[in-house]
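Shown next, in structure tokens, is the structure this report addresses.
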Amino acid sequence: MTGFSTIAIDGPASSGKSTLGKKLAAQLGYLFFDTGVMYRAIACVAQARNIDIGNEKAITGLAENLQIDVRPPRVSDGRDNDLLADGKDITWAIRAPEVDASVSVIAAYPGVRTALTSQQRRIGLRGKVVMVGRDIGTVVLPEADLKIYLDASAEERAQRRYSERLARGESPEYHDILKSILERDRIDSSREVAPLKAASDAVIIQSDNLTVDEVLKVVTELLKG
């Protein structure tokens, strides 16, 4: 499996990309890099600096000038990696609810995507990385050694998120979650820059009837083969 230094995992929201990516990275001893954290970093820093999320020009300028880095974790507090913005650790700050509400808006700005794609490539080209996102195999790292597109029906993805939230003691409404996922799919698939789609040479895995470990086994076999 040593011949695969860069692995790209793409797919829609709640398809299990991150869970698969974490397990695979741990198995290989690679950096786990969910590129979505970069968009969260922009949202987090914008809010800290009182920059209007709706101001595309200002947000794009922030993305072009903010130095973001993702490194293996230096602290054992449950984090998957260290996320640094201009050298400051914001690993947990990006998980605030107000950041959640801004990510889709920021990710749709063409200038932001262009700026962050450059930073993502810089990290990915270091090698020994499992990169997770929506445009890794198509835009960010088209030369990845292995490209996976992990898919599942919207209903299955909504059920997974519903179960996760129930397990956390919340009282979610399944139909609200399904509506949110369908809207996220619409935004991701129809945006002008880097729309969500499988790379032409990606291995597509439909995970509706598969557990995470079963998907991991499929990918492990691909690495062996």
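Letters A, B, ... mark the chains of the structure tokens in the order given; residue numbers begin at 1 per chain; ligand numbers begin at 1, in order shown.
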
Hey, what's within 8 Å of Ala198 in chain A if we count only C-alpha atoms and toss same-chain stuff fewer than 6 positions away? As a PDB file with all heavy atoms, in the first residue's frame, please?
ATOM      1  N   ASP A  10     -14.061  12.042  -1.948  1.00  0.00           N
ATOM      2  CA  ASP A  10     -15.093  13.046  -2.184  1.00  0.00           C
ATOM      3  C   ASP A  10     -16.473  12.433  -1.989  1.00  0.00           C
ATOM      4  O   ASP A  10     -16.632  11.205  -1.949  1.00  0.00           O
ATOM      5  CB  ASP A  10     -14.986  13.593  -3.613  1.00  0.00           C
ATOM      6  CG  ASP A  10     -13.737  14.423  -3.831  1.00  0.00           C
ATOM      7  OD1 ASP A  10     -13.527  15.376  -3.058  1.00  0.00           O
ATOM      8  OD2 ASP A  10     -12.957  14.122  -4.755  1.00  0.00           O
ATOM      9  N   GLY A  11     -17.460  13.319  -1.909  1.00  0.00           N
ATOM     10  CA  GLY A  11     -18.836  12.856  -1.778  1.00  0.00           C
ATOM     11  C   GLY A  11     -19.710  13.912  -1.150  1.00  0.00           C
ATOM     12  O   GLY A  11     -19.213  14.908  -0.624  1.00  0.00           O
ATOM     13  N   GLY A 137     -10.653  15.175  -5.859  1.00  0.00           N
ATOM     14  CA  GLY A 137     -10.227  14.427  -7.038  1.00  0.00           C
ATOM     15  C   GLY A 137     -10.403  15.171  -8.340  1.00  0.00           C
ATOM     16  O   GLY A 137      -9.717  14.891  -9.322  1.00  0.00           O
ATOM     17  N   THR A 138     -11.328  16.142  -8.370  1.00  0.00           N
ATOM     18  CA  THR A 138     -11.602  16.876  -9.611  1.00  0.00           C
ATOM     19  C   THR A 138     -10.788  18.151  -9.731  1.00  0.00           C
ATOM     20  O   THR A 138     -10.390  18.541 -10.835  1.00  0.00           O
ATOM     21  CB  THR A 138     -13.093  17.237  -9.706  1.00  0.00           C
ATOM     22  OG1 THR A 138     -13.489  17.932  -8.499  1.00  0.00           O
ATOM     23  CG2 THR A 138     -13.948  16.001  -9.881  1.00  0.00           C
ATOM     24  N   TYR A 149     -15.071   8.191  -4.563  1.00  0.00           N
ATOM     25  CA  TYR A 149     -16.280   9.011  -4.454  1.00  0.00           C
ATOM     26  C   TYR A 149     -17.281   8.198  -3.654  1.00  0.00           C
ATOM     27  O   TYR A 149     -17.801   7.190  -4.122  1.00  0.00           O
ATOM     28  CB  TYR A 149     -16.849   9.364  -5.829  1.00  0.00           C
ATOM     29  CG  TYR A 149     -17.972  10.368  -5.759  1.00  0.00           C
ATOM     30  CD1 TYR A 149     -17.717  11.734  -5.769  1.00  0.00           C
ATOM     31  CD2 TYR A 149     -19.300   9.950  -5.662  1.00  0.00           C
ATOM     32  CE1 TYR A 149     -18.743  12.668  -5.688  1.00  0.00           C
ATOM     33  CE2 TYR A 149     -20.334  10.866  -5.590  1.00  0.00           C
ATOM     34  CZ  TYR A 149     -20.045  12.219  -5.593  1.00  0.00           C
ATOM     35  OH  TYR A 149     -21.076  13.137  -5.510  1.00  0.00           O
ATOM     36  N   ILE A 204     -16.294   4.764  -7.486  1.00  0.00           N
ATOM     37  CA  ILE A 204     -17.537   5.179  -6.833  1.00  0.00           C
ATOM     38  C   ILE A 204     -18.025   4.044  -5.925  1.00  0.00           C
ATOM     39  O   ILE A 204     -18.181   2.909  -6.360  1.00  0.00           O
ATOM     40  CB  ILE A 204     -18.615   5.534  -7.861  1.00  0.00           C
ATOM     41  CG1 ILE A 204     -18.131   6.703  -8.729  1.00  0.00           C
ATOM     42  CG2 ILE A 204     -19.930   5.897  -7.168  1.00  0.00           C
ATOM     43  CD1 ILE A 204     -19.071   7.055  -9.875  1.00  0.00           C
TER      44      ILE A 204
END

If you run DSSP over the backbone, which residues in range 34-223 of chain A end up strand (DSSP E)? Put them as a PyMOL selection string.
chain A and resi 34+68-71+82-85+88-89+129-133+146-151+203-206

Residue neighbourhood Leu210 in chain A, 12 Å, only C-alpha atoms, exclusion window fewer than 6 positions, as a list of chain:residue names
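Answer for this query is A:Ser15, A:Gly16, A:Leu20, A:Leu150, A:Asp151, A:Ala152, A:Glu156, A:Leu216, A:Lys217, A:Val218.
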
DSSP helix (DSSP H, G or I) selection over range 33-171 of chain A, as a PDB file with N, CA and C atoms, in the first residue's frame:
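Generated file (states_29.pdb):
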ATOM      1  N   GLY A  36     -12.848  20.761   4.407  1.00  0.00           N
ATOM      2  CA  GLY A  36     -13.916  21.631   4.873  1.00  0.00           C
ATOM      3  C   GLY A  36     -13.492  22.510   6.043  1.00  0.00           C
ATOM      4  N   VAL A  37     -12.458  22.085   6.778  1.00  0.00           N
ATOM      5  CA  VAL A  37     -12.012  22.888   7.923  1.00  0.00           C
ATOM      6  C   VAL A  37     -11.460  24.232   7.467  1.00  0.00           C
ATOM      7  N   MET A  38     -10.975  24.295   6.228  1.00  0.00           N
ATOM      8  CA  MET A  38     -10.439  25.566   5.739  1.00  0.00           C
ATOM      9  C   MET A  38     -11.543  26.606   5.558  1.00  0.00           C
ATOM     10  N   TYR A  39     -12.691  26.175   5.066  1.00  0.00           N
ATOM     11  CA  TYR A  39     -13.817  27.092   4.915  1.00  0.00           C
ATOM     12  C   TYR A  39     -14.330  27.507   6.291  1.00  0.00           C
ATOM     13  N   ARG A  40     -14.290  26.574   7.219  1.00  0.00           N
ATOM     14  CA  ARG A  40     -14.665  26.901   8.593  1.00  0.00           C
ATOM     15  C   ARG A  40     -13.681  27.902   9.196  1.00  0.00           C
ATOM     16  N   ALA A  41     -12.406  27.759   8.845  1.00  0.00           N
ATOM     17  CA  ALA A  41     -11.389  28.685   9.352  1.00  0.00           C
ATOM     18  C   ALA A  41     -11.678  30.102   8.886  1.00  0.00           C
ATOM     19  N   ILE A  42     -12.062  30.241   7.616  1.00  0.00           N
ATOM     20  CA  ILE A  42     -12.390  31.566   7.088  1.00  0.00           C
ATOM     21  C   ILE A  42     -13.597  32.141   7.830  1.00  0.00           C
ATOM     22  N   ALA A  43     -14.630  31.326   8.036  1.00  0.00           N
ATOM     23  CA  ALA A  43     -15.826  31.784   8.745  1.00  0.00           C
ATOM     24  C   ALA A  43     -15.491  32.200  10.173  1.00  0.00           C
ATOM     25  N   CYS A  44     -14.678  31.399  10.828  1.00  0.00           N
ATOM     26  CA  CYS A  44     -14.293  31.655  12.210  1.00  0.00           C
ATOM     27  C   CYS A  44     -13.510  32.969  12.343  1.00  0.00           C
ATOM     28  N   VAL A  45     -12.510  33.140  11.501  1.00  0.00           N
ATOM     29  CA  VAL A  45     -11.681  34.343  11.563  1.00  0.00           C
ATOM     30  C   VAL A  45     -12.480  35.569  11.138  1.00  0.00           C
ATOM     31  N   ALA A  46     -13.355  35.414  10.139  1.00  0.00           N
ATOM     32  CA  ALA A  46     -14.189  36.536   9.691  1.00  0.00           C
ATOM     33  C   ALA A  46     -15.063  37.042  10.840  1.00  0.00           C
ATOM     34  N   GLN A  47     -15.646  36.112  11.581  1.00  0.00           N
ATOM     35  CA  GLN A  47     -16.489  36.509  12.702  1.00  0.00           C
ATOM     36  C   GLN A  47     -15.659  37.170  13.806  1.00  0.00           C
ATOM     37  N   ALA A  48     -14.470  36.638  14.052  1.00  0.00           N
ATOM     38  CA  ALA A  48     -13.604  37.217  15.083  1.00  0.00           C
ATOM     39  C   ALA A  48     -13.179  38.635  14.714  1.00  0.00           C
ATOM     40  N   GLU A  56     -18.770  39.436  -0.120  1.00  0.00           N
ATOM     41  CA  GLU A  56     -17.942  38.490  -0.875  1.00  0.00           C
ATOM     42  C   GLU A  56     -16.524  39.009  -1.093  1.00  0.00           C
ATOM     43  N   LYS A  57     -16.395  40.293  -1.406  1.00  0.00           N
ATOM     44  CA  LYS A  57     -15.077  40.867  -1.673  1.00  0.00           C
ATOM     45  C   LYS A  57     -14.188  40.796  -0.432  1.00  0.00           C
ATOM     46  N   ALA A  58     -14.748  41.141   0.717  1.00  0.00           N
ATOM     47  CA  ALA A  58     -13.968  41.132   1.955  1.00  0.00           C
ATOM     48  C   ALA A  58     -13.602  39.711   2.370  1.00  0.00           C
ATOM     49  N   ILE A  59     -14.541  38.784   2.219  1.00  0.00           N
ATOM     50  CA  ILE A  59     -14.282  37.387   2.584  1.00  0.00           C
ATOM     51  C   ILE A  59     -13.234  36.781   1.652  1.00  0.00           C
ATOM     52  N   THR A  60     -13.325  37.114   0.376  1.00  0.00           N
ATOM     53  CA  THR A  60     -12.338  36.620  -0.583  1.00  0.00           C
ATOM     54  C   THR A  60     -10.954  37.166  -0.251  1.00  0.00           C
ATOM     55  N   GLY A  61     -10.878  38.437   0.103  1.00  0.00           N
ATOM     56  CA  GLY A  61      -9.602  39.030   0.497  1.00  0.00           C
ATOM     57  C   GLY A  61      -9.006  38.341   1.709  1.00  0.00           C
ATOM     58  N   LEU A  62      -9.872  37.988   2.660  1.00  0.00           N
ATOM     59  CA  LEU A  62      -9.410  37.267   3.848  1.00  0.00           C
ATOM     60  C   LEU A  62      -8.831  35.909   3.447  1.00  0.00           C
ATOM     61  N   ALA A  63      -9.526  35.185   2.568  1.00  0.00           N
ATOM     62  CA  ALA A  63      -9.066  33.864   2.131  1.00  0.00           C
ATOM     63  C   ALA A  63      -7.738  33.944   1.393  1.00  0.00           C
ATOM     64  N   GLU A  64      -7.535  35.036   0.669  1.00  0.00           N
ATOM     65  CA  GLU A  64      -6.301  35.201  -0.101  1.00  0.00           C
ATOM     66  C   GLU A  64      -5.102  35.534   0.785  1.00  0.00           C
ATOM     67  N   ASN A  65      -5.363  36.087   1.945  1.00  0.00           N
ATOM     68  CA  ASN A  65      -4.264  36.552   2.797  1.00  0.00           C
ATOM     69  C   ASN A  65      -4.050  35.755   4.075  1.00  0.00           C
ATOM     70  N   ALA A  93     -12.254  26.177  17.820  1.00  0.00           N
ATOM     71  CA  ALA A  93     -13.064  27.387  17.598  1.00  0.00           C
ATOM     72  C   ALA A  93     -13.937  27.267  16.358  1.00  0.00           C
ATOM     73  N   ILE A  94     -13.492  26.508  15.352  1.00  0.00           N
ATOM     74  CA  ILE A  94     -14.260  26.400  14.108  1.00  0.00           C
ATOM     75  C   ILE A  94     -15.506  25.528  14.262  1.00  0.00           C
ATOM     76  N   ARG A  95     -15.677  24.898  15.416  1.00  0.00           N
ATOM     77  CA  ARG A  95     -16.835  24.026  15.624  1.00  0.00           C
ATOM     78  C   ARG A  95     -18.010  24.762  16.275  1.00  0.00           C
ATOM     79  N   PRO A  97     -21.412  26.851  16.721  1.00  0.00           N
ATOM     80  CA  PRO A  97     -22.645  26.832  15.913  1.00  0.00           C
ATOM     81  C   PRO A  97     -22.726  27.971  14.907  1.00  0.00           C
ATOM     82  N   GLU A  98     -22.234  29.163  15.285  1.00  0.00           N
ATOM     83  CA  GLU A  98     -22.321  30.299  14.371  1.00  0.00           C
ATOM     84  C   GLU A  98     -21.443  30.098  13.134  1.00  0.00           C
ATOM     85  N   VAL A  99     -20.402  29.280  13.280  1.00  0.00           N
ATOM     86  CA  VAL A  99     -19.560  28.955  12.126  1.00  0.00           C
ATOM     87  C   VAL A  99     -20.326  28.024  11.187  1.00  0.00           C
ATOM     88  N   ASP A 100     -21.048  27.059  11.753  1.00  0.00           N
ATOM     89  CA  ASP A 100     -21.841  26.127  10.953  1.00  0.00           C
ATOM     90  C   ASP A 100     -22.764  26.863   9.984  1.00  0.00           C
ATOM     91  N   VAL A 103     -20.735  28.454   6.688  1.00  0.00           N
ATOM     92  CA  VAL A 103     -19.815  27.715   5.822  1.00  0.00           C
ATOM     93  C   VAL A 103     -20.307  27.597   4.379  1.00  0.00           C
ATOM     94  N   SER A 104     -21.569  27.244   4.175  1.00  0.00           N
ATOM     95  CA  SER A 104     -22.079  27.053   2.813  1.00  0.00           C
ATOM     96  C   SER A 104     -22.010  28.335   2.001  1.00  0.00           C
ATOM     97  N   VAL A 105     -22.285  29.470   2.646  1.00  0.00           N
ATOM     98  CA  VAL A 105     -22.231  30.760   1.954  1.00  0.00           C
ATOM     99  C   VAL A 105     -20.802  31.049   1.505  1.00  0.00           C
ATOM    100  N   ILE A 106     -19.856  30.883   2.414  1.00  0.00           N
ATOM    101  CA  ILE A 106     -18.447  31.157   2.124  1.00  0.00           C
ATOM    102  C   ILE A 106     -17.907  30.215   1.049  1.00  0.00           C
ATOM    103  N   ALA A 107     -18.282  28.941   1.139  1.00  0.00           N
ATOM    104  CA  ALA A 107     -17.765  27.939   0.198  1.00  0.00           C
ATOM    105  C   ALA A 107     -18.256  28.165  -1.224  1.00  0.00           C
ATOM    106  N   PRO A 110     -16.511  32.051  -5.496  1.00  0.00           N
ATOM    107  CA  PRO A 110     -15.455  31.560  -6.397  1.00  0.00           C
ATOM    108  C   PRO A 110     -14.047  31.951  -5.958  1.00  0.00           C
ATOM    109  N   GLY A 111     -13.862  33.196  -5.535  1.00  0.00           N
ATOM    110  CA  GLY A 111     -12.536  33.655  -5.127  1.00  0.00           C
ATOM    111  C   GLY A 111     -12.013  32.943  -3.901  1.00  0.00           C
ATOM    112  N   VAL A 112     -12.931  32.606  -2.995  1.00  0.00           N
ATOM    113  CA  VAL A 112     -12.544  31.870  -1.783  1.00  0.00           C
ATOM    114  C   VAL A 112     -12.088  30.467  -2.169  1.00  0.00           C
ATOM    115  N   ARG A 113     -12.845  29.816  -3.035  1.00  0.00           N
ATOM    116  CA  ARG A 113     -12.497  28.457  -3.453  1.00  0.00           C
ATOM    117  C   ARG A 113     -11.136  28.437  -4.149  1.00  0.00           C
ATOM    118  N   THR A 114     -10.890  29.437  -4.994  1.00  0.00           N
ATOM    119  CA  THR A 114      -9.610  29.511  -5.698  1.00  0.00           C
ATOM    120  C   THR A 114      -8.461  29.669  -4.716  1.00  0.00           C
ATOM    121  N   ALA A 115      -8.621  30.580  -3.763  1.00  0.00           N
ATOM    122  CA  ALA A 115      -7.565  30.833  -2.775  1.00  0.00           C
ATOM    123  C   ALA A 115      -7.304  29.609  -1.908  1.00  0.00           C
ATOM    124  N   LEU A 116      -8.373  28.956  -1.466  1.00  0.00           N
ATOM    125  CA  LEU A 116      -8.191  27.814  -0.568  1.00  0.00           C
ATOM    126  C   LEU A 116      -7.722  26.570  -1.313  1.00  0.00           C
ATOM    127  N   THR A 117      -8.089  26.451  -2.582  1.00  0.00           N
ATOM    128  CA  THR A 117      -7.590  25.321  -3.372  1.00  0.00           C
ATOM    129  C   THR A 117      -6.071  25.333  -3.408  1.00  0.00           C
ATOM    130  N   SER A 118      -5.486  26.497  -3.574  1.00  0.00           N
ATOM    131  CA  SER A 118      -4.031  26.631  -3.592  1.00  0.00           C
ATOM    132  C   SER A 118      -3.420  26.168  -2.276  1.00  0.00           C
ATOM    133  N   GLN A 119      -4.026  26.540  -1.167  1.00  0.00           N
ATOM    134  CA  GLN A 119      -3.509  26.146   0.147  1.00  0.00           C
ATOM    135  C   GLN A 119      -3.691  24.641   0.379  1.00  0.00           C
ATOM    136  N   GLN A 120      -4.826  24.120  -0.079  1.00  0.00           N
ATOM    137  CA  GLN A 120      -5.084  22.684   0.074  1.00  0.00           C
ATOM    138  C   GLN A 120      -4.077  21.855  -0.726  1.00  0.00           C
ATOM    139  N   ARG A 121      -3.763  22.310  -1.940  1.00  0.00           N
ATOM    140  CA  ARG A 121      -2.775  21.609  -2.763  1.00  0.00           C
ATOM    141  C   ARG A 121      -1.412  21.611  -2.078  1.00  0.00           C
ATOM    142  N   ARG A 122      -1.056  22.746  -1.496  1.00  0.00           N
ATOM    143  CA  ARG A 122       0.239  22.852  -0.811  1.00  0.00           C
ATOM    144  C   ARG A 122       0.363  21.770   0.265  1.00  0.00           C
ATOM    145  N   ILE A 123      -0.690  21.566   1.009  1.00  0.00           N
ATOM    146  CA  ILE A 123      -0.670  20.555   2.073  1.00  0.00           C
ATOM    147  C   ILE A 123      -0.731  19.149   1.485  1.00  0.00           C
ATOM    148  N   GLY A 124      -1.589  18.954   0.486  1.00  0.00           N
ATOM    149  CA  GLY A 124      -1.754  17.629  -0.102  1.00  0.00           C
ATOM    150  C   GLY A 124      -0.500  17.111  -0.781  1.00  0.00           C
ATOM    151  N   ILE A 136     -11.852  17.260  -4.291  1.00  0.00           N
ATOM    152  CA  ILE A 136     -10.435  16.896  -4.177  1.00  0.00           C
ATOM    153  C   ILE A 136      -9.953  16.214  -5.459  1.00  0.00           C
ATOM    154  N   GLY A 137     -10.653  15.175  -5.859  1.00  0.00           N
ATOM    155  CA  GLY A 137     -10.227  14.427  -7.038  1.00  0.00           C
ATOM    156  C   GLY A 137     -10.403  15.171  -8.340  1.00  0.00           C
ATOM    157  N   THR A 138     -11.328  16.142  -8.370  1.00  0.00           N
ATOM    158  CA  THR A 138     -11.602  16.876  -9.611  1.00  0.00           C
ATOM    159  C   THR A 138     -10.788  18.151  -9.731  1.00  0.00           C
ATOM    160  N   VAL A 139     -10.524  18.835  -8.618  1.00  0.00           N
ATOM    161  CA  VAL A 139      -9.907  20.164  -8.686  1.00  0.00           C
ATOM    162  C   VAL A 139      -8.650  20.291  -7.825  1.00  0.00           C
ATOM    163  N   VAL A 140      -8.761  19.946  -6.551  1.00  0.00           N
ATOM    164  CA  VAL A 140      -7.667  20.210  -5.612  1.00  0.00           C
ATOM    165  C   VAL A 140      -6.456  19.328  -5.887  1.00  0.00           C
ATOM    166  N   ALA A 154     -29.961  10.477  -0.370  1.00  0.00           N
ATOM    167  CA  ALA A 154     -30.242  11.572   0.569  1.00  0.00           C
ATOM    168  C   ALA A 154     -30.985  11.054   1.794  1.00  0.00           C
ATOM    169  N   GLU A 155     -31.888  10.111   1.583  1.00  0.00           N
ATOM    170  CA  GLU A 155     -32.663   9.551   2.694  1.00  0.00           C
ATOM    171  C   GLU A 155     -31.769   8.808   3.676  1.00  0.00           C
ATOM    172  N   GLU A 156     -30.823   8.051   3.150  1.00  0.00           N
ATOM    173  CA  GLU A 156     -29.891   7.313   4.010  1.00  0.00           C
ATOM    174  C   GLU A 156     -29.001   8.285   4.775  1.00  0.00           C
ATOM    175  N   ARG A 157     -28.527   9.310   4.108  1.00  0.00           N
ATOM    176  CA  ARG A 157     -27.656  10.287   4.769  1.00  0.00           C
ATOM    177  C   ARG A 157     -28.406  11.063   5.847  1.00  0.00           C
ATOM    178  N   ALA A 158     -29.666  11.372   5.571  1.00  0.00           N
ATOM    179  CA  ALA A 158     -30.481  12.062   6.573  1.00  0.00           C
ATOM    180  C   ALA A 158     -30.719  11.160   7.786  1.00  0.00           C
ATOM    181  N   GLN A 159     -30.950   9.876   7.540  1.00  0.00           N
ATOM    182  CA  GLN A 159     -31.169   8.935   8.635  1.00  0.00           C
ATOM    183  C   GLN A 159     -29.926   8.807   9.505  1.00  0.00           C
ATOM    184  N   ARG A 160     -28.752   8.799   8.894  1.00  0.00           N
ATOM    185  CA  ARG A 160     -27.505   8.715   9.652  1.00  0.00           C
ATOM    186  C   ARG A 160     -27.330   9.934  10.547  1.00  0.00           C
ATOM    187  N   ARG A 161     -27.568  11.113   9.972  1.00  0.00           N
ATOM    188  CA  ARG A 161     -27.416  12.340  10.767  1.00  0.00           C
ATOM    189  C   ARG A 161     -28.463  12.395  11.871  1.00  0.00           C
ATOM    190  N   TYR A 162     -29.682  11.944  11.550  1.00  0.00           N
ATOM    191  CA  TYR A 162     -30.765  11.892  12.545  1.00  0.00           C
ATOM    192  C   TYR A 162     -30.366  10.995  13.720  1.00  0.00           C
ATOM    193  N   SER A 163     -29.817   9.819  13.415  1.00  0.00           N
ATOM    194  CA  SER A 163     -29.400   8.874  14.462  1.00  0.00           C
ATOM    195  C   SER A 163     -28.265   9.435  15.304  1.00  0.00           C
ATOM    196  N   GLU A 164     -27.336  10.120  14.651  1.00  0.00           N
ATOM    197  CA  GLU A 164     -26.217  10.729  15.378  1.00  0.00           C
ATOM    198  C   GLU A 164     -26.707  11.764  16.376  1.00  0.00           C
ATOM    199  N   ARG A 165     -27.655  12.583  15.947  1.00  0.00           N
ATOM    200  CA  ARG A 165     -28.162  13.643  16.820  1.00  0.00           C
ATOM    201  C   ARG A 165     -29.010  13.073  17.955  1.00  0.00           C
ATOM    202  N   LEU A 166     -29.749  12.004  17.666  1.00  0.00           N
ATOM    203  CA  LEU A 166     -30.488  11.329  18.736  1.00  0.00           C
ATOM    204  C   LEU A 166     -29.532  10.792  19.789  1.00  0.00           C
ATOM    205  N   ALA A 167     -28.429  10.207  19.331  1.00  0.00           N
ATOM    206  CA  ALA A 167     -27.435   9.630  20.245  1.00  0.00           C
ATOM    207  C   ALA A 167     -26.787  10.689  21.128  1.00  0.00           C
TER     208      ALA A 167
END

Pick out the residues sitting within 10 Å of Arg186 in chain A, and hand them over as an NGL selection string; count only C-alpha atoms, and ignore anything fewer than 6 positions along from it in its own chain.
:A and (180 or 195-196)

Let's have the selection written as a PDB file, in the first residue's frame, with all heavy atoms.
ATOM      1  N   SER A 180     -32.543  19.855   4.797  1.00  0.00           N
ATOM      2  CA  SER A 180     -31.246  20.535   4.869  1.00  0.00           C
ATOM      3  C   SER A 180     -30.220  19.860   3.970  1.00  0.00           C
ATOM      4  O   SER A 180     -29.446  20.529   3.267  1.00  0.00           O
ATOM      5  CB  SER A 180     -30.748  20.549   6.318  1.00  0.00           C
ATOM      6  OG  SER A 180     -29.457  21.092   6.399  1.00  0.00           O
ATOM      7  N   PRO A 195     -18.100  22.367  -8.838  1.00  0.00           N
ATOM      8  CA  PRO A 195     -19.306  21.702  -8.351  1.00  0.00           C
ATOM      9  C   PRO A 195     -19.011  20.269  -7.922  1.00  0.00           C
ATOM     10  O   PRO A 195     -18.051  19.652  -8.394  1.00  0.00           O
ATOM     11  CB  PRO A 195     -20.236  21.732  -9.573  1.00  0.00           C
ATOM     12  CG  PRO A 195     -19.300  21.778 -10.741  1.00  0.00           C
ATOM     13  CD  PRO A 195     -18.155  22.629 -10.289  1.00  0.00           C
ATOM     14  N   LEU A 196     -19.823  19.776  -7.020  1.00  0.00           N
ATOM     15  CA  LEU A 196     -19.663  18.402  -6.532  1.00  0.00           C
ATOM     16  C   LEU A 196     -19.947  17.411  -7.649  1.00  0.00           C
ATOM     17  O   LEU A 196     -21.020  17.406  -8.243  1.00  0.00           O
ATOM     18  CB  LEU A 196     -20.631  18.158  -5.374  1.00  0.00           C
ATOM     19  CG  LEU A 196     -20.758  16.709  -4.883  1.00  0.00           C
ATOM     20  CD1 LEU A 196     -19.453  16.257  -4.233  1.00  0.00           C
ATOM     21  CD2 LEU A 196     -21.896  16.584  -3.879  1.00  0.00           C
TER      22      LEU A 196
END

Residues within 10 Å of Lys17 in chain A, only C-alpha atoms, excluding chain neighbours under 3 positions, as a PyMOL selection string:
chain A and resi 8-14+20-22+34+131-134+148-151+212

Record the distance separating CA of Pro142 in chain A and CA of Asp69 in chain A, expressed in Å with one decimal.
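CA of Asp69 in chain A lies at a distance of 20.3 Å from CA of Pro142 in chain A.
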